[in-house]
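Structure file data35.pdb (PDB, C-alpha atoms) is printed below.
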ATOM      1  CA  MET A  18      23.315 103.421-173.398
ATOM      2  CA  VAL A  19      21.595 106.447-171.872
ATOM      3  CA  MET A  20      22.994 107.667-168.552
ATOM      4  CA  SER A  21      21.055 109.841-166.120
ATOM      5  CA  SER A  22      24.168 111.991-165.607
ATOM      6  CA  ASP A  23      24.003 112.953-169.295
ATOM      7  CA  LEU A  24      20.449 114.300-169.147
ATOM      8  CA  PRO A  25      20.462 118.112-168.733
ATOM      9  CA  PHE A  26      17.052 118.268-167.021
ATOM     10  CA  LEU A  27      18.066 116.017-164.111
ATOM     11  CA  SER A  28      19.910 116.965-160.950
ATOM     12  CA  THR A  29      21.735 114.076-159.300
ATOM     13  CA  ASP A  30      21.775 116.021-156.027
ATOM     14  CA  ASN A  31      18.961 115.860-153.511
ATOM     15  CA  GLN A  32      18.546 119.606-153.807
ATOM     16  CA  THR A  33      15.783 121.491-152.055
ATOM     17  CA  TYR A  34      13.689 124.268-153.515
ATOM     18  CA  ASP A  35      13.244 126.395-150.414
ATOM     19  CA  LYS A  36      16.332 128.569-150.752
ATOM     20  CA  HIS A  37      14.458 131.156-152.864
ATOM     21  CA  SER A  38      17.392 131.780-155.188
ATOM     22  CA  PHE A  39      16.564 131.022-158.793
ATOM     23  CA  SER A  40      18.021 132.947-161.687
ATOM     24  CA  ARG A  41      16.499 133.312-165.136
ATOM     25  CA  ASP A  42      19.077 130.787-166.291
ATOM     26  CA  ASN A  43      17.589 128.258-163.853
ATOM     27  CA  PHE A  44      14.166 128.833-165.362
ATOM     28  CA  LYS A  45      15.521 128.476-168.898
ATOM     29  CA  ALA A  46      17.178 125.146-168.022
ATOM     30  CA  PRO A  47      15.193 123.650-165.117
ATOM     31  CA  LYS A  48      16.376 120.517-163.334
ATOM     32  CA  LEU A  49      14.424 118.066-161.222
ATOM     33  CA  SER A  50      16.132 116.737-158.106
ATOM     34  CA  ARG A  51      16.669 113.052-157.431
ATOM     35  CA  PHE A  52      14.470 111.146-154.992
ATOM     36  CA  SER A  53      16.668 109.027-152.711
ATOM     37  CA  PHE A  54      15.583 105.766-151.136
ATOM     38  CA  ASN A  55      16.950 102.462-149.880
ATOM     39  CA  GLU A  56      14.076 100.102-150.578
ATOM     40  CA  TYR A  57      10.709 100.215-152.259
ATOM     41  CA  HIS A  58       7.535  98.171-152.612
ATOM     42  CA  ILE A  59       5.132  98.268-155.529
ATOM     43  CA  LEU A  60       1.601  98.045-154.140
ATOM     44  CA  LYS A  61      -0.656  98.158-157.167
ATOM     45  CA  CYS A  62      -0.857  99.114-160.838
ATOM     46  CA  ILE A  63      -3.123 102.166-161.105
ATOM     47  CA  SER A  64      -3.190 103.055-164.801
ATOM     48  CA  TRP A  65      -1.438 102.592-168.136
ATOM     49  CA  GLY A  66      -1.094 104.950-171.077
ATOM     50  CA  ALA A  67       1.059 106.220-173.927
ATOM     51  CA  ASP A  68       3.594 107.816-171.557
ATOM     52  CA  GLY A  69       4.023 105.000-169.054
ATOM     53  CA  VAL A  70       2.573 103.030-166.161
ATOM     54  CA  VAL A  71       1.462 104.498-162.815
ATOM     55  CA  TYR A  72       1.804 102.442-159.634
ATOM     56  CA  SER A  73       0.989 103.030-156.010
ATOM     57  CA  ALA A  74       4.224 102.437-154.118
ATOM     58  CA  SER A  75       5.963 102.825-150.788
ATOM     59  CA  PHE A  76       9.581 103.887-150.306
ATOM     60  CA  ASP A  77      11.500 103.045-147.133
ATOM     61  CA  GLY A  78       8.301 102.162-145.328
ATOM     62  CA  GLN A  79       6.855 105.651-145.686
ATOM     63  CA  LYS A  80       3.359 106.649-146.798
ATOM     64  CA  GLN A  81       1.876 105.680-150.121
ATOM     65  CA  VAL A  82       2.971 107.648-153.182
ATOM     66  CA  ALA A  83       2.324 107.556-156.929
ATOM     67  CA  LEU A  84       5.206 106.226-159.030
ATOM     68  CA  LYS A  85       5.082 106.900-162.766
ATOM     69  CA  ILE A  86       7.361 104.643-164.811
ATOM     70  CA  PHE A  87       8.063 105.836-168.349
ATOM     71  CA  HIS A  88       8.121 103.612-171.428
ATOM     72  CA  HIS A  89      11.007 105.462-173.072
ATOM     73  CA  ASN A  90      14.408 106.358-171.630
ATOM     74  CA  HIS A  91      15.979 108.558-174.322
ATOM     75  CA  ARG A  92      15.143 111.293-176.779
ATOM     76  CA  ARG A  93      14.341 110.236-180.350
ATOM     77  CA  GLU A  94      15.739 111.792-183.504
ATOM     78  CA  GLU A  95      13.752 114.825-184.629
ATOM     79  CA  GLY A  96      10.546 113.760-186.354
ATOM     80  CA  GLN A  97      10.752 110.199-185.020
ATOM     81  CA  PRO A  98       7.725 109.342-182.844
ATOM     82  CA  TYR A  99       7.672 107.577-179.489
ATOM     83  CA  THR A 100       5.686 104.407-180.039
ATOM     84  CA  ILE A 101       4.441 101.479-177.965
ATOM     85  CA  ASP A 102       4.284  98.795-180.638
ATOM     86  CA  SER A 103       2.119  96.339-178.714
ATOM     87  CA  LYS A 104      -0.596  98.976-178.259
ATOM     88  CA  GLY A 105      -0.151 101.170-181.314
ATOM     89  CA  LEU A 106       0.142 104.309-179.154
ATOM     90  CA  VAL A 107       2.249 107.209-180.394
ATOM     91  CA  THR A 108       3.404 110.479-178.813
ATOM     92  CA  GLU A 109       5.462 113.257-180.364
ATOM     93  CA  TYR A 110       7.348 114.114-177.178
ATOM     94  CA  TRP A 111       9.567 112.354-174.663
ATOM     95  CA  ALA A 112       7.259 112.207-171.651
ATOM     96  CA  PHE A 113      10.018 111.779-169.043
ATOM     97  CA  GLU A 114      11.799 114.902-170.269
ATOM     98  CA  ARG A 115       8.620 116.979-170.394
ATOM     99  CA  GLU A 116       7.468 115.946-166.923
ATOM    100  CA  CYS A 117      10.877 116.503-165.307
ATOM    101  CA  ILE A 118      11.088 119.988-166.812
ATOM    102  CA  ASN A 119       7.522 120.776-165.736
ATOM    103  CA  ALA A 120       8.125 119.497-162.206
ATOM    104  CA  GLY A 121      11.380 121.440-161.875
ATOM    105  CA  LEU A 122       9.661 124.637-163.002
ATOM    106  CA  LEU A 123       6.697 124.132-160.682
ATOM    107  CA  LYS A 124       9.044 123.540-157.743
ATOM    108  CA  MET A 125      10.804 126.855-158.416
ATOM    109  CA  ILE A 126       7.502 128.666-158.925
ATOM    110  CA  ALA A 127       6.209 127.321-155.596
ATOM    111  CA  ALA A 128       9.376 128.443-153.804
ATOM    112  CA  SER A 129       9.131 131.887-155.397
ATOM    113  CA  ILE A 130       5.495 132.197-154.315
ATOM    114  CA  GLU A 131       6.436 131.328-150.721
ATOM    115  CA  HIS A 132       9.209 133.921-150.835
ATOM    116  CA  SER A 133       6.742 136.511-152.130
ATOM    117  CA  LYS A 134       4.319 135.753-149.282
ATOM    118  CA  SER A 135       6.974 135.917-146.578
ATOM    119  CA  SER A 136       8.708 139.036-147.937
ATOM    120  CA  GLY A 137       5.610 140.936-149.009
ATOM    121  CA  GLU A 138       7.140 141.480-152.463
ATOM    122  CA  PRO A 139       4.461 140.863-155.135
ATOM    123  CA  ILE A 140       5.123 138.941-158.346
ATOM    124  CA  TYR A 141       3.798 140.816-161.380
ATOM    125  CA  LEU A 142       2.486 138.950-164.424
ATOM    126  CA  LYS A 143       0.800 139.928-167.661
ATOM    127  CA  LYS A 144      -2.954 139.738-167.116
ATOM    128  CA  ASP A 145      -3.999 137.871-170.250
ATOM    129  CA  PRO A 146      -1.018 136.131-171.881
ATOM    130  CA  THR A 147      -1.640 134.932-175.451
ATOM    131  CA  THR A 148       1.801 134.465-177.050
ATOM    132  CA  ARG A 149       4.926 132.442-176.363
ATOM    133  CA  GLU A 150       6.723 135.688-175.466
ATOM    134  CA  ASP A 151       4.011 136.458-172.897
ATOM    135  CA  ALA A 152       4.299 132.945-171.490
ATOM    136  CA  VAL A 153       8.090 133.096-171.195
ATOM    137  CA  ASN A 154       7.960 136.514-169.540
ATOM    138  CA  ASN A 155       5.336 135.366-167.031
ATOM    139  CA  LEU A 156       7.304 132.223-166.254
ATOM    140  CA  GLU A 157      10.541 134.137-165.759
ATOM    141  CA  ALA A 158       8.740 136.662-163.533
ATOM    142  CA  PHE A 159       9.160 134.064-160.786
ATOM    143  CA  SER A 160      12.957 134.203-161.126
ATOM    144  CA  ASP A 161      15.190 136.384-158.951
ATOM    145  CA  GLU A 162      15.568 138.938-161.747
ATOM    146  CA  GLY A 163      11.918 138.730-162.773
ATOM    147  CA  ARG A 164      10.681 139.594-159.293
ATOM    148  CA  LEU A 165      12.614 142.838-159.496
ATOM    149  CA  LEU A 166      12.151 143.904-163.127
ATOM    150  CA  LYS A 167       8.858 144.800-164.810
ATOM    151  CA  GLU A 168      10.145 146.550-167.942
ATOM    152  CA  ASP A 169       8.953 143.748-170.213
ATOM    153  CA  PHE A 170       5.330 144.881-169.868
ATOM    154  CA  GLN A 171       3.228 147.986-170.232
ATOM    155  CA  GLU A 172       2.115 148.990-166.730
ATOM    156  CA  GLY A 173      -1.608 148.600-167.498
ATOM    157  CA  ASP A 174      -1.069 144.992-168.544
ATOM    158  CA  LEU A 175       0.353 143.891-165.185
ATOM    159  CA  MET A 176      -1.338 142.153-162.293
ATOM    160  CA  ALA A 177      -0.028 141.060-158.923
ATOM    161  CA  PHE A 178      -0.072 137.268-158.955
ATOM    162  CA  LYS A 179      -2.487 135.590-156.552
ATOM    163  CA  SER A 180      -3.532 131.946-156.580
ATOM    164  CA  ASN A 181      -4.752 129.361-154.097
ATOM    165  CA  ALA A 182      -4.273 126.464-156.526
ATOM    166  CA  LYS A 183      -3.026 123.274-154.859
ATOM    167  CA  ILE A 184      -0.523 121.634-157.228
ATOM    168  CA  THR A 185       0.363 117.952-156.856
ATOM    169  CA  ASP A 186       3.779 117.773-155.208
ATOM    170  CA  CYS A 187       6.582 116.054-157.104
ATOM    171  CA  LEU A 188       9.125 114.322-154.851
ATOM    172  CA  GLY A 189      11.772 113.755-157.520
ATOM    173  CA  TRP A 190      12.986 111.391-160.234
ATOM    174  CA  VAL A 191      14.161 107.806-159.776
ATOM    175  CA  GLU A 192      16.104 105.241-161.759
ATOM    176  CA  PHE A 193      15.761 101.456-161.619
ATOM    177  CA  ASP A 194      17.714  98.538-162.966
ATOM    178  CA  PRO A 195      15.353  96.781-165.431
ATOM    179  CA  THR A 196      15.804  93.307-163.973
ATOM    180  CA  SER A 197      15.252  94.323-160.356
ATOM    181  CA  PHE A 198      12.207  96.422-161.251
ATOM    182  CA  GLU A 199      10.676  93.638-163.315
ATOM    183  CA  ASN A 200      11.159  91.306-160.344
ATOM    184  CA  ALA A 201       9.524  93.865-158.028
ATOM    185  CA  THR A 202       6.472  94.119-160.283
ATOM    186  CA  ALA A 203       6.241  90.479-161.412
ATOM    187  CA  TRP A 204       3.380  89.757-159.010
ATOM    188  CA  VAL A 205       1.374  92.888-159.880
ATOM    189  CA  ASP A 206      -1.861  92.490-161.817
ATOM    190  CA  HIS A 207      -1.540  95.184-164.455
ATOM    191  CA  GLY A 208      -4.921  94.502-165.998
ATOM    192  CA  ILE A 209      -3.254  94.756-169.409
ATOM    193  CA  ARG A 210      -0.413  93.093-171.253
ATOM    194  CA  LEU A 211       2.585  95.356-171.020
ATOM    195  CA  GLY A 212       4.570  93.685-173.762
ATOM    196  CA  GLN A 213       8.273  94.297-174.330
ATOM    197  CA  ARG A 214       9.725  97.598-173.189
ATOM    198  CA  PRO A 215      10.546  99.718-176.261
ATOM    199  CA  ASP A 216      13.894 100.925-174.869
ATOM    200  CA  PRO A 217      16.552  98.672-173.311
ATOM    201  CA  GLY A 218      18.618  99.990-170.418
ATOM    202  CA  PRO A 219      17.656 101.915-167.287
ATOM    203  CA  ILE A 220      14.065 102.543-166.257
ATOM    204  CA  PHE A 221      13.217 106.130-165.316
ATOM    205  CA  GLY A 222      10.340 107.241-163.151
ATOM    206  CA  ILE A 223       8.969 110.188-161.174
ATOM    207  CA  VAL A 224       7.522 110.047-157.652
ATOM    208  CA  TYR A 225       4.478 112.183-156.828
ATOM    209  CA  GLU A 226       2.421 112.642-153.703
ATOM    210  CA  TRP A 227      -0.641 110.408-153.573
ATOM    211  CA  VAL A 228      -3.932 112.021-154.606
ATOM    212  CA  SER A 229      -7.148 110.163-153.841
ATOM    213  CA  THR A 230     -10.219 109.960-156.055
ATOM    214  CA  GLU A 231     -12.977 112.426-155.202
ATOM    215  CA  LYS A 232     -15.703 114.315-157.003
ATOM    216  CA  LEU A 233     -14.200 117.020-159.203
ATOM    217  CA  GLU A 234     -15.259 120.553-158.328
ATOM    218  CA  LYS A 235     -15.462 123.136-161.086
ATOM    219  CA  GLU A 236     -13.917 126.035-159.174
ATOM    220  CA  ILE A 237     -10.997 123.936-157.890
ATOM    221  CA  ALA A 238     -10.201 122.597-161.368
ATOM    222  CA  ARG A 239     -10.613 126.068-162.874
ATOM    223  CA  SER A 240      -8.135 127.554-160.383
ATOM    224  CA  GLN A 241      -5.588 124.928-161.472
ATOM    225  CA  LEU A 242      -6.124 125.587-165.165
ATOM    226  CA  GLU A 243      -5.894 129.360-164.619
ATOM    227  CA  PHE A 244      -2.695 128.828-162.603
ATOM    228  CA  PHE A 245      -1.002 126.859-165.385
ATOM    229  CA  HIS A 246      -2.052 129.368-168.040
ATOM    230  CA  ILE A 247      -0.956 132.526-166.220
ATOM    231  CA  THR A 248       2.399 130.998-165.219
ATOM    232  CA  GLY A 249       3.243 130.176-168.841
ATOM    233  CA  PHE A 250       2.127 126.589-169.468
ATOM    234  CA  SER A 251      -0.079 125.489-172.335
ATOM    235  CA  MET A 252      -2.433 122.512-172.533
ATOM    236  CA  ARG A 253      -4.061 120.910-175.544
ATOM    237  CA  TRP A 254      -7.274 119.705-173.947
ATOM    238  CA  PHE A 255      -8.885 118.686-170.697
ATOM    239  CA  TYR A 256      -8.581 114.936-169.970
ATOM    240  CA  PRO A 257     -10.929 114.101-167.042
ATOM    241  CA  GLN A 258      -9.059 110.852-166.296
ATOM    242  CA  ASN A 259      -5.924 112.858-165.516
ATOM    243  CA  TRP A 260      -7.594 114.821-162.714
ATOM    244  CA  LEU A 261      -8.120 113.454-159.198
ATOM    245  CA  GLY A 262      -8.929 114.804-155.745
ATOM    246  CA  ASN A 263     -11.528 117.544-155.947
ATOM    247  CA  GLY A 264      -9.963 118.984-159.097
ATOM    248  CA  ILE A 265      -6.191 118.412-159.171
ATOM    249  CA  LEU A 266      -4.059 117.564-162.206
ATOM    250  CA  VAL A 267      -2.013 114.386-161.700
ATOM    251  CA  ASP A 268      -0.577 113.842-165.203
ATOM    252  CA  PHE A 269       2.104 116.415-165.876
ATOM    253  CA  SER A 270       2.643 115.444-169.477
ATOM    254  CA  ASP A 271      -0.629 117.312-170.076
ATOM    255  CA  ILE A 272       0.974 120.726-169.587
ATOM    256  CA  ILE A 273       3.588 122.135-171.968
ATOM    257  CA  PRO A 274       6.239 124.726-171.035
ATOM    258  CA  PRO A 275       7.056 127.475-173.574
ATOM    259  CA  PHE A 276      10.324 125.912-174.750
ATOM    260  CA  GLU A 277      11.381 124.605-178.167
ATOM    261  CA  GLY A 278      11.125 120.876-178.811
ATOM    262  CA  LEU A 279       8.542 120.016-176.136
ATOM    263  CA  GLY A 280       5.341 120.336-178.160
ATOM    264  CA  TRP A 281       4.467 124.003-177.597
ATOM    265  CA  ASP A 282       1.912 125.460-180.024
ATOM    266  CA  ASP A 283       1.113 129.191-180.173
ATOM    267  CA  ALA A 284      -2.492 128.666-181.315
ATOM    268  CA  GLU A 285      -3.207 126.211-178.496
ATOM    269  CA  TYR A 286      -1.977 128.702-175.923
ATOM    270  CA  ARG A 287      -4.036 131.490-177.448
ATOM    271  CA  LEU A 288      -7.174 129.299-177.346
ATOM    272  CA  TYR A 289      -6.401 127.856-173.891
ATOM    273  CA  ARG A 290      -9.513 129.146-172.134
ATOM    274  CA  LYS A 291     -11.863 127.788-174.788
ATOM    275  CA  SER A 292     -10.123 124.447-175.355
ATOM    276  CA  CYS A 293      -9.256 123.593-171.741
ATOM    277  CA  ILE A 294     -11.264 125.641-169.266
ATOM    278  CA  GLY A 295     -14.329 125.513-171.497
ATOM    279  CA  GLU A 296     -14.006 121.735-171.963
ATOM    280  CA  MET A 297     -13.588 121.226-168.222
ATOM    281  CA  GLU A 298     -16.705 123.237-167.386
ATOM    282  CA  GLU A 299     -18.730 121.499-170.091
ATOM    283  CA  TYR A 300     -17.614 118.089-168.819
ATOM    284  CA  LEU A 301     -18.423 118.815-165.167
ATOM    285  CA  ASP A 302     -21.785 120.366-166.062
ATOM    286  CA  SER A 303     -22.686 117.095-167.819
ATOM    287  CA  GLN A 304     -21.906 114.907-164.780
TER
END

How does this structure look as structure tokens?
Amino acid sequence: MVMSSDLPFLSTDNQTYDKHSFSRDNFKAPKLSRFSFNEYHILKCISWGADGVVYSASFDGQKQVALKIFHHNHRREEGQPYTIDSKGLVTEYWAFERECINAGLLKMIAASIEHSKSSGEPIYLKKDPTTREDAVNNLEAFSDEGRLLKEDFQEGDLMAFKSNAKITDCLGWVEFDPTSFENATAWVDHGIRLGQRPDPGPIFGIVYEWVSTEKLEKEIARSQLEFFHITGFSMRWFYPQNWLGNGILVDFSDIIPPFEGLGWDDAEYRLYRKSCIGEMEEYLDSQ
């Protein structure tokens, strides 16, 4: 049976990301910290998809958060898809792994940005990244070594990183006993038939800050998409249902880090502006 302690992308400590000390090795093997709690209450089922189920929830009597529970709890053999038999949905990636890695990276990037602001030391990135190498170099520019070294780029290709993008905060990963979680959600109207869970054993989830539904604004959404692209993430397409607030991504399986085995595609990254930013602008112009 899968154990959380065996998963390399999870930290069992309640680590913080404000110490501003992240090596390139940390960025190559990111870990998401655990979210600790004593009790929880499931308030409502929000949505259901190929990756999992999203609930509104409250932990230890605190404010409302979004809890994403994942259908699958372990990595499949190479070439074996992740399926939800009752719905016929298939993904080629393990969503829990991808989202934990993404959240861990974004936490370190945010801490590095805060360090840059407080110290006055700029972070230099390649202006128009188009390859996996560009993406990796831009991502690692937020590491301790990357903030100091710029030899990976020609000087004319560099830009000092600036962004006002507001990224949905991830509070950490959680693990539930299947029986207790099923009891906690037995009363919830899911609006769909969940069917049998595809994987026996522990239930994994990720806790995110709550983002309300508002009218999407083109410039806010564009700043998010530009942020993900310049920091080294790819995205296949723009899914409007995965954006809330005034233009904030809330589904972090949509972005793909430049690592092997997580669904990265060189052509998709190269065409990012047309396939994602262009689709977003076309969608919002039609509303």

When the PyMOL selection byres ((chain A and resi 257) around 12) is applied to the structure above, which residues does it catch, written out as number ranges by chain?
A: 230, 232-235, 238, 254-256, 258-268, 271, 293-294, 296-301, 304

Grab the CA of Phe52 in chain A to CA of Gly189 in chain A distance for me, in Å with one decimal place.
4.5 Å

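Across the model, the gap from CA of Gly280 in chain A to CA of Glu162 in chain A is 26.8 Å.
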
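Between CA of His132 in chain A and CA of Gly163 in chain A lies a distance of 13.2 Å.
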
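Shortest separation to Glu192 in chain A among A:Lys80, A:Lys85, A:His246, A:His58 occurs at residue A:Lys85, atoms counted being all atoms listed in the file.
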
Identify, on the basis of all atoms listed in the file, every residue whose closest approach to Asn55 in chain A does not exceed 12 Å; exclude the query and any residue fewer than 5 positions from it along the same chain; express the result as a PyMOL selection string.
chain A and resi 75-79+191+193

For Phe221 in chain A, work out the shell of residues within 12 Å, counting all atoms listed in the file and skipping chain neighbours fewer than 6 positions away, then give it as an MDAnalysis selection string.
chainID A and resid 19:21 24 27 51:52 68:70 84:91 111:114 116:117 189:195 198

Save the residues we just selected, C-alpha atoms, as a PDB file, in the coordinates of the input?
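Below is the file again_17.pdb, written as the result:
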ATOM      1  CA  VAL A  19      21.595 106.447-171.872  1.00  0.00           C
ATOM      2  CA  MET A  20      22.994 107.667-168.552  1.00  0.00           C
ATOM      3  CA  SER A  21      21.055 109.841-166.120  1.00  0.00           C
ATOM      4  CA  LEU A  24      20.449 114.300-169.147  1.00  0.00           C
ATOM      5  CA  LEU A  27      18.066 116.017-164.111  1.00  0.00           C
ATOM      6  CA  ARG A  51      16.669 113.052-157.431  1.00  0.00           C
ATOM      7  CA  PHE A  52      14.470 111.146-154.992  1.00  0.00           C
ATOM      8  CA  ASP A  68       3.594 107.816-171.557  1.00  0.00           C
ATOM      9  CA  GLY A  69       4.023 105.000-169.054  1.00  0.00           C
ATOM     10  CA  VAL A  70       2.573 103.030-166.161  1.00  0.00           C
ATOM     11  CA  LEU A  84       5.206 106.226-159.030  1.00  0.00           C
ATOM     12  CA  LYS A  85       5.082 106.900-162.766  1.00  0.00           C
ATOM     13  CA  ILE A  86       7.361 104.643-164.811  1.00  0.00           C
ATOM     14  CA  PHE A  87       8.063 105.836-168.349  1.00  0.00           C
ATOM     15  CA  HIS A  88       8.121 103.612-171.428  1.00  0.00           C
ATOM     16  CA  HIS A  89      11.007 105.462-173.072  1.00  0.00           C
ATOM     17  CA  ASN A  90      14.408 106.358-171.630  1.00  0.00           C
ATOM     18  CA  HIS A  91      15.979 108.558-174.322  1.00  0.00           C
ATOM     19  CA  TRP A 111       9.567 112.354-174.663  1.00  0.00           C
ATOM     20  CA  ALA A 112       7.259 112.207-171.651  1.00  0.00           C
ATOM     21  CA  PHE A 113      10.018 111.779-169.043  1.00  0.00           C
ATOM     22  CA  GLU A 114      11.799 114.902-170.269  1.00  0.00           C
ATOM     23  CA  GLU A 116       7.468 115.946-166.923  1.00  0.00           C
ATOM     24  CA  CYS A 117      10.877 116.503-165.307  1.00  0.00           C
ATOM     25  CA  GLY A 189      11.772 113.755-157.520  1.00  0.00           C
ATOM     26  CA  TRP A 190      12.986 111.391-160.234  1.00  0.00           C
ATOM     27  CA  VAL A 191      14.161 107.806-159.776  1.00  0.00           C
ATOM     28  CA  GLU A 192      16.104 105.241-161.759  1.00  0.00           C
ATOM     29  CA  PHE A 193      15.761 101.456-161.619  1.00  0.00           C
ATOM     30  CA  ASP A 194      17.714  98.538-162.966  1.00  0.00           C
ATOM     31  CA  PRO A 195      15.353  96.781-165.431  1.00  0.00           C
ATOM     32  CA  PHE A 198      12.207  96.422-161.251  1.00  0.00           C
TER      33      PHE A 198
END

Which neighbours of range 153-159 of chain A fall inside 6 Å, counting only C-alpha atoms, when residues of the same chain fewer than 5 positions from it are skipped, and could you give them as a ChimeraX atom specification?
/A:126,129,142,164,248-249

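Comparing A:Ala182, A:Cys187, A:Leu279, A:Val224 by their smallest distance to Ile237 in chain A, the closest is A:Ala182 (using all atoms listed in the file).
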